[in-house]
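With CSV, C-alpha atoms inside, this is data_1.csv:
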chain,number,residue,atom,x,y,z
A,1,MET,CA,-14.9,-6.5,-17.9
A,2,ILE,CA,-16.9,-3.3,-17.2
A,3,SER,CA,-20.6,-3.6,-18.1
A,4,PHE,CA,-22.6,-1.0,-19.9
A,5,LEU,CA,-24.4,-0.2,-16.6
A,6,ASP,CA,-21.1,0.3,-14.8
A,7,LYS,CA,-19.9,2.6,-17.6
A,8,ALA,CA,-23.2,4.6,-17.3
A,9,VAL,CA,-22.8,5.0,-13.6
A,10,LEU,CA,-19.2,6.1,-13.9
A,11,GLN,CA,-20.1,8.7,-16.6
A,12,LEU,CA,-23.0,10.0,-14.5
A,13,ASP,CA,-20.6,10.4,-11.6
A,14,ARG,CA,-18.2,12.3,-13.8
A,15,ALA,CA,-21.0,14.5,-15.1
A,16,LEU,CA,-22.1,15.4,-11.6
A,17,GLN,CA,-18.6,16.1,-10.5
A,18,THR,CA,-18.2,18.4,-13.4
A,19,LEU,CA,-21.5,20.3,-13.2
A,20,VAL,CA,-22.2,20.5,-9.5
A,21,PRO,CA,-20.3,23.4,-7.8
A,22,HIS,CA,-17.5,22.3,-5.5
A,23,ALA,CA,-18.1,18.6,-6.3
A,24,ALA,CA,-14.8,18.0,-8.1
A,25,LYS,CA,-11.5,17.8,-6.3
A,26,ALA,CA,-8.2,18.8,-7.8
A,27,LYS,CA,-5.1,16.6,-7.2
A,28,ARG,CA,-2.8,19.5,-7.6
A,29,SER,CA,-3.0,22.8,-5.8
A,30,SER,CA,-4.0,25.9,-7.8
A,31,PRO,CA,-1.1,28.0,-9.1
A,32,ALA,CA,-3.0,31.0,-7.9
A,33,GLU,CA,-2.6,30.0,-4.2
A,34,LYS,CA,1.0,31.2,-4.1
A,35,LEU,CA,0.0,34.7,-5.1
A,36,GLU,CA,-1.8,37.6,-3.4
A,37,GLU,CA,-5.2,38.8,-4.6
A,38,ALA,CA,-4.8,42.0,-6.5
A,39,GLU,CA,-7.0,45.1,-6.2
A,40,LEU,CA,-9.2,45.2,-9.3
A,41,GLU,CA,-11.6,47.9,-10.5
A,42,GLN,CA,-15.2,46.8,-11.2
A,43,THR,CA,-14.6,46.7,-15.0
A,44,GLU,CA,-11.4,44.8,-14.6
A,45,ARG,CA,-13.0,42.2,-12.2
A,46,LYS,CA,-15.8,41.8,-14.6
A,47,HIS,CA,-13.4,41.2,-17.5
A,48,SER,CA,-11.4,38.7,-15.5
A,49,SER,CA,-14.6,36.9,-14.5
A,50,GLY,CA,-15.8,36.7,-18.1
A,51,LEU,CA,-12.5,35.2,-19.3
A,52,MET,CA,-12.3,32.7,-16.4
A,53,ARG,CA,-15.9,31.7,-17.1
A,54,ILE,CA,-15.0,31.0,-20.7
A,55,ASN,CA,-12.1,28.8,-19.5
A,56,HIS,CA,-14.2,27.0,-17.0
A,57,THR,CA,-16.8,26.2,-19.6
A,58,GLY,CA,-14.0,25.0,-21.8
A,59,GLU,CA,-13.0,22.6,-19.1
A,60,VAL,CA,-16.6,21.4,-18.7
A,61,CYS,CA,-16.5,20.6,-22.4
A,62,ALA,CA,-13.2,18.9,-22.1
A,63,GLN,CA,-14.5,16.6,-19.4
A,64,ALA,CA,-17.5,15.6,-21.5
A,65,LEU,CA,-15.4,15.2,-24.7
A,66,TYR,CA,-12.9,12.9,-23.0
A,67,ALA,CA,-15.7,11.0,-21.2
A,68,GLY,CA,-17.5,10.4,-24.5
A,69,GLN,CA,-14.3,9.3,-26.2
A,70,ALA,CA,-13.2,7.0,-23.4
A,71,THR,CA,-16.7,5.4,-23.5
A,72,THR,CA,-16.4,4.4,-27.2
A,73,ALA,CA,-12.7,4.1,-27.7
A,74,LYS,CA,-11.8,0.8,-29.3
A,75,LEU,CA,-8.3,0.3,-28.0
A,76,ALA,CA,-7.6,0.0,-24.3
A,77,ALA,CA,-4.4,2.2,-24.6
A,78,VAL,CA,-6.4,5.0,-26.2
A,79,ARG,CA,-9.1,4.7,-23.5
A,80,LYS,CA,-6.4,4.9,-20.8
A,81,GLU,CA,-4.9,8.0,-22.4
A,82,MET,CA,-8.3,9.7,-22.5
A,83,GLU,CA,-9.0,8.9,-18.9
A,84,HIS,CA,-5.6,10.2,-17.8
A,85,ALA,CA,-6.1,13.5,-19.7
A,86,ALA,CA,-9.6,13.9,-18.2
A,87,ASP,CA,-8.1,13.5,-14.7
A,88,GLU,CA,-5.6,16.4,-15.4
A,89,GLU,CA,-8.5,18.5,-16.8
A,90,ILE,CA,-10.3,18.1,-13.5
A,91,ASP,CA,-7.5,20.2,-11.9
A,92,HIS,CA,-8.2,22.9,-14.5
A,93,LEU,CA,-11.9,22.7,-13.9
A,94,VAL,CA,-11.5,23.2,-10.1
A,95,TRP,CA,-8.9,25.9,-10.5
A,96,CYS,CA,-11.1,27.9,-12.9
A,97,GLU,CA,-14.1,27.4,-10.6
A,98,GLN,CA,-12.2,28.6,-7.6
A,99,ARG,CA,-10.9,31.6,-9.4
A,100,LEU,CA,-14.5,32.5,-10.5
A,101,TYR,CA,-15.7,32.5,-6.9
A,102,ASP,CA,-12.7,34.4,-5.8
A,103,LEU,CA,-13.6,37.1,-8.3
A,104,GLY,CA,-17.2,37.2,-6.9
A,105,SER,CA,-18.6,35.5,-10.0
A,106,LYS,CA,-20.0,32.0,-10.9
A,107,PRO,CA,-19.9,29.4,-13.7
A,108,SER,CA,-22.1,29.7,-16.8
A,109,VAL,CA,-25.6,28.5,-16.5
A,110,LEU,CA,-25.3,26.9,-20.0
A,111,ASN,CA,-22.7,24.4,-18.8
A,112,PRO,CA,-25.1,21.4,-18.7
A,113,LEU,CA,-26.0,22.1,-22.4
A,114,PHE,CA,-22.4,22.3,-23.4
A,115,TYR,CA,-21.5,19.1,-21.5
A,116,GLY,CA,-24.2,17.1,-23.2
A,117,ALA,CA,-23.2,18.4,-26.7
A,118,SER,CA,-19.5,17.7,-26.1
A,119,PHE,CA,-20.2,14.2,-24.7
A,120,ILE,CA,-22.2,13.3,-27.9
A,121,ILE,CA,-19.4,14.7,-30.1
A,122,GLY,CA,-16.7,12.8,-28.2
A,123,ALA,CA,-18.7,9.5,-28.2
A,124,GLY,CA,-19.4,9.9,-31.9
A,125,ALA,CA,-15.8,10.5,-32.8
A,126,GLY,CA,-14.8,7.4,-30.8
A,127,LEU,CA,-17.4,5.3,-32.6
A,128,ILE,CA,-16.0,6.2,-36.0
A,129,SER,CA,-12.3,5.5,-35.1
A,130,ASP,CA,-9.7,6.0,-32.4
A,131,LYS,CA,-7.6,7.9,-35.0
A,132,LEU,CA,-10.4,10.4,-35.6
A,133,SER,CA,-11.0,10.6,-31.8
A,134,LEU,CA,-7.4,11.4,-31.1
A,135,GLY,CA,-7.3,13.9,-33.9
A,136,PHE,CA,-10.3,15.7,-32.5
A,137,VAL,CA,-8.5,15.9,-29.1
A,138,ALA,CA,-5.4,17.4,-30.8
A,139,ALA,CA,-7.4,19.9,-32.8
A,140,THR,CA,-9.5,20.9,-29.7
A,141,GLU,CA,-6.4,21.4,-27.6
A,142,GLU,CA,-4.8,23.6,-30.3
A,143,GLN,CA,-7.9,25.8,-30.1
A,144,VAL,CA,-7.7,25.9,-26.3
A,145,CYS,CA,-4.0,26.9,-26.4
A,146,ILE,CA,-4.8,29.8,-28.7
A,147,HIS,CA,-7.6,31.0,-26.4
A,148,LEU,CA,-5.4,30.7,-23.4
A,149,GLU,CA,-2.7,32.8,-25.0
A,150,LYS,CA,-5.2,35.5,-26.0
A,151,HIS,CA,-6.7,35.5,-22.5
A,152,MET,CA,-3.3,35.8,-20.7
A,153,ALA,CA,-2.6,38.8,-23.0
A,154,THR,CA,-5.9,40.6,-22.3
A,155,LEU,CA,-6.3,39.9,-18.5
A,156,PRO,CA,-5.8,43.0,-16.3
A,157,THR,CA,-2.1,43.4,-15.7
A,158,GLN,CA,-2.3,43.0,-12.0
A,159,ASP,CA,-4.5,39.9,-12.0
A,160,GLU,CA,-1.5,37.6,-11.6
A,161,ARG,CA,-3.6,34.8,-9.9
A,162,SER,CA,-5.7,34.3,-13.0
A,163,LYS,CA,-2.6,34.4,-15.3
A,164,ALA,CA,-0.9,31.8,-13.2
A,165,VAL,CA,-3.8,29.4,-13.6
A,166,LEU,CA,-4.0,29.9,-17.3
A,167,ALA,CA,-0.2,29.5,-17.8
A,168,GLN,CA,-0.2,26.1,-16.1
A,169,MET,CA,-3.3,25.1,-18.1
A,170,HIS,CA,-1.5,26.1,-21.3
A,171,ILE,CA,1.4,23.7,-20.4
A,172,ASP,CA,-1.0,20.8,-19.8
A,173,GLU,CA,-3.1,21.4,-22.9
A,174,ALA,CA,-0.1,21.5,-25.1
A,175,LYS,CA,1.0,18.2,-23.6
A,176,HIS,CA,-2.4,16.7,-24.3
A,177,LYS,CA,-2.2,17.8,-27.9
A,178,ALA,CA,1.2,16.2,-28.3
A,179,MET,CA,0.0,13.0,-26.7
A,180,ALA,CA,-3.0,12.7,-29.1
A,181,LEU,CA,-0.8,13.2,-32.1
A,182,GLU,CA,1.9,10.8,-30.9
A,183,ALA,CA,-0.8,8.2,-30.3
A,184,GLY,CA,-1.7,8.4,-34.0
A,185,GLY,CA,-4.3,11.1,-34.1
A,186,TYR,CA,-5.5,12.4,-37.4
A,187,GLU,CA,-4.3,15.9,-38.3
A,188,PHE,CA,-7.4,17.9,-39.3
A,189,PRO,CA,-7.2,19.9,-42.5
A,190,GLN,CA,-7.3,23.7,-42.3
A,191,PRO,CA,-11.0,24.1,-43.4
A,192,ILE,CA,-12.1,22.0,-40.5
A,193,MET,CA,-9.9,24.0,-38.1
A,194,VAL,CA,-11.5,27.2,-39.4
A,195,ILE,CA,-15.0,25.8,-38.7
A,196,MET,CA,-13.9,24.8,-35.2
A,197,THR,CA,-12.6,28.3,-34.6
A,198,GLN,CA,-15.9,29.8,-35.6
A,199,VAL,CA,-17.9,27.5,-33.3
A,200,SER,CA,-15.5,28.3,-30.5
A,201,LYS,CA,-16.1,32.0,-31.0
A,202,VAL,CA,-19.8,31.6,-30.6
A,203,MET,CA,-19.3,29.6,-27.3
A,204,THR,CA,-16.9,32.2,-25.9
A,205,THR,CA,-19.1,35.1,-26.8
A,206,THR,CA,-22.0,33.5,-25.0
A,207,THR,CA,-20.3,32.3,-21.9
A,208,TYR,CA,-18.4,35.5,-21.3
A,209,ARG,CA,-21.6,37.0,-19.8
A,210,ILE,CA,-23.9,34.1,-19.0
When written as structure tokens, how does the structure in this file appear?
Amino acid sequence: MISFLDKAVLQLDRALQTLVPHAAKAKRSSPAEKLEEAELEQTERKHSSGLMRINHTGEVCAQALYAGQATTAKLAAVRKEMEHAADEEIDHLVWCEQRLYDLGSKPSVLNPLFYGASFIIGAGAGLISDKLSLGFVAATEEQVCIHLEKHMATLPTQDERSKAVLAQMHIDEAKHKAMALEAGGYEFPQPIMVIMTQVSKVMTTTTYRI
């Protein structure tokens, strides 16, 4: 059985991999690798960078959320599902980070703050119940899918590399949502979803530039 200290060390390692540039390693190659880098004007490059920074921060939050939930999950099967989803999200994290550097930009300086807040939320949901924890995953992934669709629609037309990354992320996030609901996740009522949308808007507005 894993002790509290072992769990703490594992979570510290995951946090460092998430927050330290180039520390995390993807298991799958980036969908962008198969495509040529497009010529982008300065304003287009800045816009692509802003959107990819938002998505990178979203993946930072996802790592923390899943880590917190896995730490407090009551059922071993739920914990395993959380850890598996977190592993897939590492691919997204690395892809977005790579894309940011390709565009001559960098991740948000606010990521440590978002990581800490997301870990607390995830751990809190897990402490209450696995059903609520899984429901929070499903609701979060629904929000992420909506953002990804909007970003793919507003990226510069010629930025196919960023679009390829977001398209694969959308497939994976939709799968994570379905997994959470099939595992018994609570379906949040519309008022809660509205609140989550507003919180998400604040985060995206901030991280677009910082």
Next item on the list: Pick out the residues sitting within 10 Å of A:Glu44, and hand them over as a count of residues only; count all atoms listed in the file, and ignore anything fewer than 5 positions along from it in its own chain.
Entry: 8
Notebook entry, point to check: What gap, in Å, lies between atom CA of A:His47 and atom CA of A:Arg14?
Noted result: 29.5 Å
Checklist line | Selection near A:Val137, 9 Å with all atoms listed in the file, sequence-local residues under 2 positions removed, as number ranges by chain | finding: A: 62, 65-66, 122, 132-135, 139-142, 176-177, 180-181, 185
Check: Suppose you want the space between atom CA of A:Ala76 and atom CA of A:Phe114; what is it in Å?
Finding: 26.8 Å
Check: Between A:Thr43, A:Asn55, A:Thr72, A:Ser200, which one has atoms that come closest to A:Gln143, using only C-alpha atoms?
Finding: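 Using only C-alpha atoms, A:Gln143 sits closest to A:Ser200.
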Kindly add all heavy atoms to the incomplete stretch 49-60 of chain A and provide the output as a PDB file, in the coordinates of the input.
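New file out-v8.pdb:
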ATOM      1  N   SER A  49     -13.500  37.891 -14.739  1.00  0.00           N
ATOM      2  CA  SER A  49     -14.600  36.900 -14.500  1.00  0.00           C
ATOM      3  C   SER A  49     -15.054  36.313 -15.805  1.00  0.00           C
ATOM      4  O   SER A  49     -15.270  35.096 -15.921  1.00  0.00           O
ATOM      5  CB  SER A  49     -15.713  37.527 -13.728  1.00  0.00           C
ATOM      6  OG  SER A  49     -15.309  37.963 -12.456  1.00  0.00           O
ATOM      7  N   GLY A  50     -15.276  37.172 -16.793  1.00  0.00           N
ATOM      8  CA  GLY A  50     -15.800  36.700 -18.100  1.00  0.00           C
ATOM      9  C   GLY A  50     -14.800  35.739 -18.744  1.00  0.00           C
ATOM     10  O   GLY A  50     -15.204  34.694 -19.265  1.00  0.00           O
ATOM     11  N   LEU A  51     -13.507  36.059 -18.690  1.00  0.00           N
ATOM     12  CA  LEU A  51     -12.500  35.200 -19.300  1.00  0.00           C
ATOM     13  C   LEU A  51     -12.393  33.863 -18.551  1.00  0.00           C
ATOM     14  O   LEU A  51     -12.296  32.797 -19.175  1.00  0.00           O
ATOM     15  CB  LEU A  51     -11.137  35.890 -19.322  1.00  0.00           C
ATOM     16  CG  LEU A  51     -11.042  37.143 -20.203  1.00  0.00           C
ATOM     17  CD1 LEU A  51      -9.631  37.713 -20.154  1.00  0.00           C
ATOM     18  CD2 LEU A  51     -11.425  36.827 -21.646  1.00  0.00           C
ATOM     19  N   MET A  52     -12.414  33.925 -17.224  1.00  0.00           N
ATOM     20  CA  MET A  52     -12.300  32.700 -16.400  1.00  0.00           C
ATOM     21  C   MET A  52     -13.571  31.834 -16.601  1.00  0.00           C
ATOM     22  O   MET A  52     -13.509  30.612 -16.529  1.00  0.00           O
ATOM     23  CB  MET A  52     -12.052  33.000 -14.979  1.00  0.00           C
ATOM     24  CG  MET A  52     -10.700  33.646 -14.717  1.00  0.00           C
ATOM     25  SD  MET A  52      -9.298  32.774 -15.475  1.00  0.00           S
ATOM     26  CE  MET A  52      -9.300  31.248 -14.541  1.00  0.00           C
ATOM     27  N   ARG A  53     -14.723  32.477 -16.825  1.00  0.00           N
ATOM     28  CA  ARG A  53     -15.900  31.700 -17.100  1.00  0.00           C
ATOM     29  C   ARG A  53     -15.835  30.958 -18.401  1.00  0.00           C
ATOM     30  O   ARG A  53     -16.257  29.802 -18.508  1.00  0.00           O
ATOM     31  CB  ARG A  53     -17.164  32.645 -17.099  1.00  0.00           C
ATOM     32  CG  ARG A  53     -18.496  31.884 -17.181  1.00  0.00           C
ATOM     33  CD  ARG A  53     -19.699  32.819 -17.147  1.00  0.00           C
ATOM     34  NE  ARG A  53     -19.723  33.598 -15.925  1.00  0.00           N
ATOM     35  CZ  ARG A  53     -19.425  34.902 -15.852  1.00  0.00           C
ATOM     36  NH1 ARG A  53     -19.111  35.576 -16.961  1.00  0.00           N
ATOM     37  NH2 ARG A  53     -19.455  35.522 -14.699  1.00  0.00           N
ATOM     38  N   ILE A  54     -15.264  31.608 -19.399  1.00  0.00           N
ATOM     39  CA  ILE A  54     -15.000  31.000 -20.700  1.00  0.00           C
ATOM     40  C   ILE A  54     -14.144  29.730 -20.506  1.00  0.00           C
ATOM     41  O   ILE A  54     -14.423  28.639 -21.019  1.00  0.00           O
ATOM     42  CB  ILE A  54     -14.397  31.927 -21.691  1.00  0.00           C
ATOM     43  CG1 ILE A  54     -15.402  32.993 -22.118  1.00  0.00           C
ATOM     44  CG2 ILE A  54     -13.873  31.175 -22.918  1.00  0.00           C
ATOM     45  CD1 ILE A  54     -14.789  34.126 -22.924  1.00  0.00           C
ATOM     46  N   ASN A  55     -13.063  29.909 -19.742  1.00  0.00           N
ATOM     47  CA  ASN A  55     -12.100  28.800 -19.500  1.00  0.00           C
ATOM     48  C   ASN A  55     -12.732  27.686 -18.710  1.00  0.00           C
ATOM     49  O   ASN A  55     -12.461  26.508 -18.952  1.00  0.00           O
ATOM     50  CB  ASN A  55     -10.841  29.332 -18.892  1.00  0.00           C
ATOM     51  CG  ASN A  55     -10.015  30.170 -19.844  1.00  0.00           C
ATOM     52  OD1 ASN A  55      -9.591  29.692 -20.890  1.00  0.00           O
ATOM     53  ND2 ASN A  55      -9.803  31.425 -19.517  1.00  0.00           N
ATOM     54  N   HIS A  56     -13.566  28.042 -17.754  1.00  0.00           N
ATOM     55  CA  HIS A  56     -14.200  27.000 -17.000  1.00  0.00           C
ATOM     56  C   HIS A  56     -15.183  26.208 -17.855  1.00  0.00           C
ATOM     57  O   HIS A  56     -15.210  24.970 -17.783  1.00  0.00           O
ATOM     58  CB  HIS A  56     -15.026  27.660 -15.811  1.00  0.00           C
ATOM     59  CG  HIS A  56     -15.741  26.666 -14.956  1.00  0.00           C
ATOM     60  ND1 HIS A  56     -17.071  26.336 -15.155  1.00  0.00           N
ATOM     61  CD2 HIS A  56     -15.320  25.908 -13.917  1.00  0.00           C
ATOM     62  CE1 HIS A  56     -17.426  25.430 -14.262  1.00  0.00           C
ATOM     63  NE2 HIS A  56     -16.389  25.151 -13.495  1.00  0.00           N
ATOM     64  N   THR A  57     -15.945  26.880 -18.698  1.00  0.00           N
ATOM     65  CA  THR A  57     -16.800  26.200 -19.600  1.00  0.00           C
ATOM     66  C   THR A  57     -16.032  25.293 -20.568  1.00  0.00           C
ATOM     67  O   THR A  57     -16.454  24.179 -20.908  1.00  0.00           O
ATOM     68  CB  THR A  57     -17.704  27.167 -20.412  1.00  0.00           C
ATOM     69  OG1 THR A  57     -18.574  27.859 -19.507  1.00  0.00           O
ATOM     70  CG2 THR A  57     -18.548  26.456 -21.459  1.00  0.00           C
ATOM     71  N   GLY A  58     -14.874  25.774 -20.979  1.00  0.00           N
ATOM     72  CA  GLY A  58     -14.000  25.000 -21.800  1.00  0.00           C
ATOM     73  C   GLY A  58     -13.596  23.676 -21.142  1.00  0.00           C
ATOM     74  O   GLY A  58     -13.519  22.613 -21.775  1.00  0.00           O
ATOM     75  N   GLU A  59     -13.350  23.763 -19.841  1.00  0.00           N
ATOM     76  CA  GLU A  59     -13.000  22.600 -19.100  1.00  0.00           C
ATOM     77  C   GLU A  59     -14.172  21.628 -18.897  1.00  0.00           C
ATOM     78  O   GLU A  59     -14.013  20.412 -18.839  1.00  0.00           O
ATOM     79  CB  GLU A  59     -12.376  22.956 -17.739  1.00  0.00           C
ATOM     80  CG  GLU A  59     -11.066  23.714 -17.842  1.00  0.00           C
ATOM     81  CD  GLU A  59     -10.034  22.997 -18.696  1.00  0.00           C
ATOM     82  OE1 GLU A  59      -9.934  21.747 -18.580  1.00  0.00           O
ATOM     83  OE2 GLU A  59      -9.328  23.647 -19.481  1.00  0.00           O
ATOM     84  N   VAL A  60     -15.360  22.194 -18.775  1.00  0.00           N
ATOM     85  CA  VAL A  60     -16.600  21.400 -18.700  1.00  0.00           C
ATOM     86  C   VAL A  60     -16.701  20.582 -20.024  1.00  0.00           C
ATOM     87  O   VAL A  60     -16.971  19.372 -20.024  1.00  0.00           O
ATOM     88  CB  VAL A  60     -17.828  22.257 -18.511  1.00  0.00           C
ATOM     89  CG1 VAL A  60     -19.112  21.460 -18.756  1.00  0.00           C
ATOM     90  CG2 VAL A  60     -17.834  22.844 -17.103  1.00  0.00           C
TER      91      VAL A  60
END
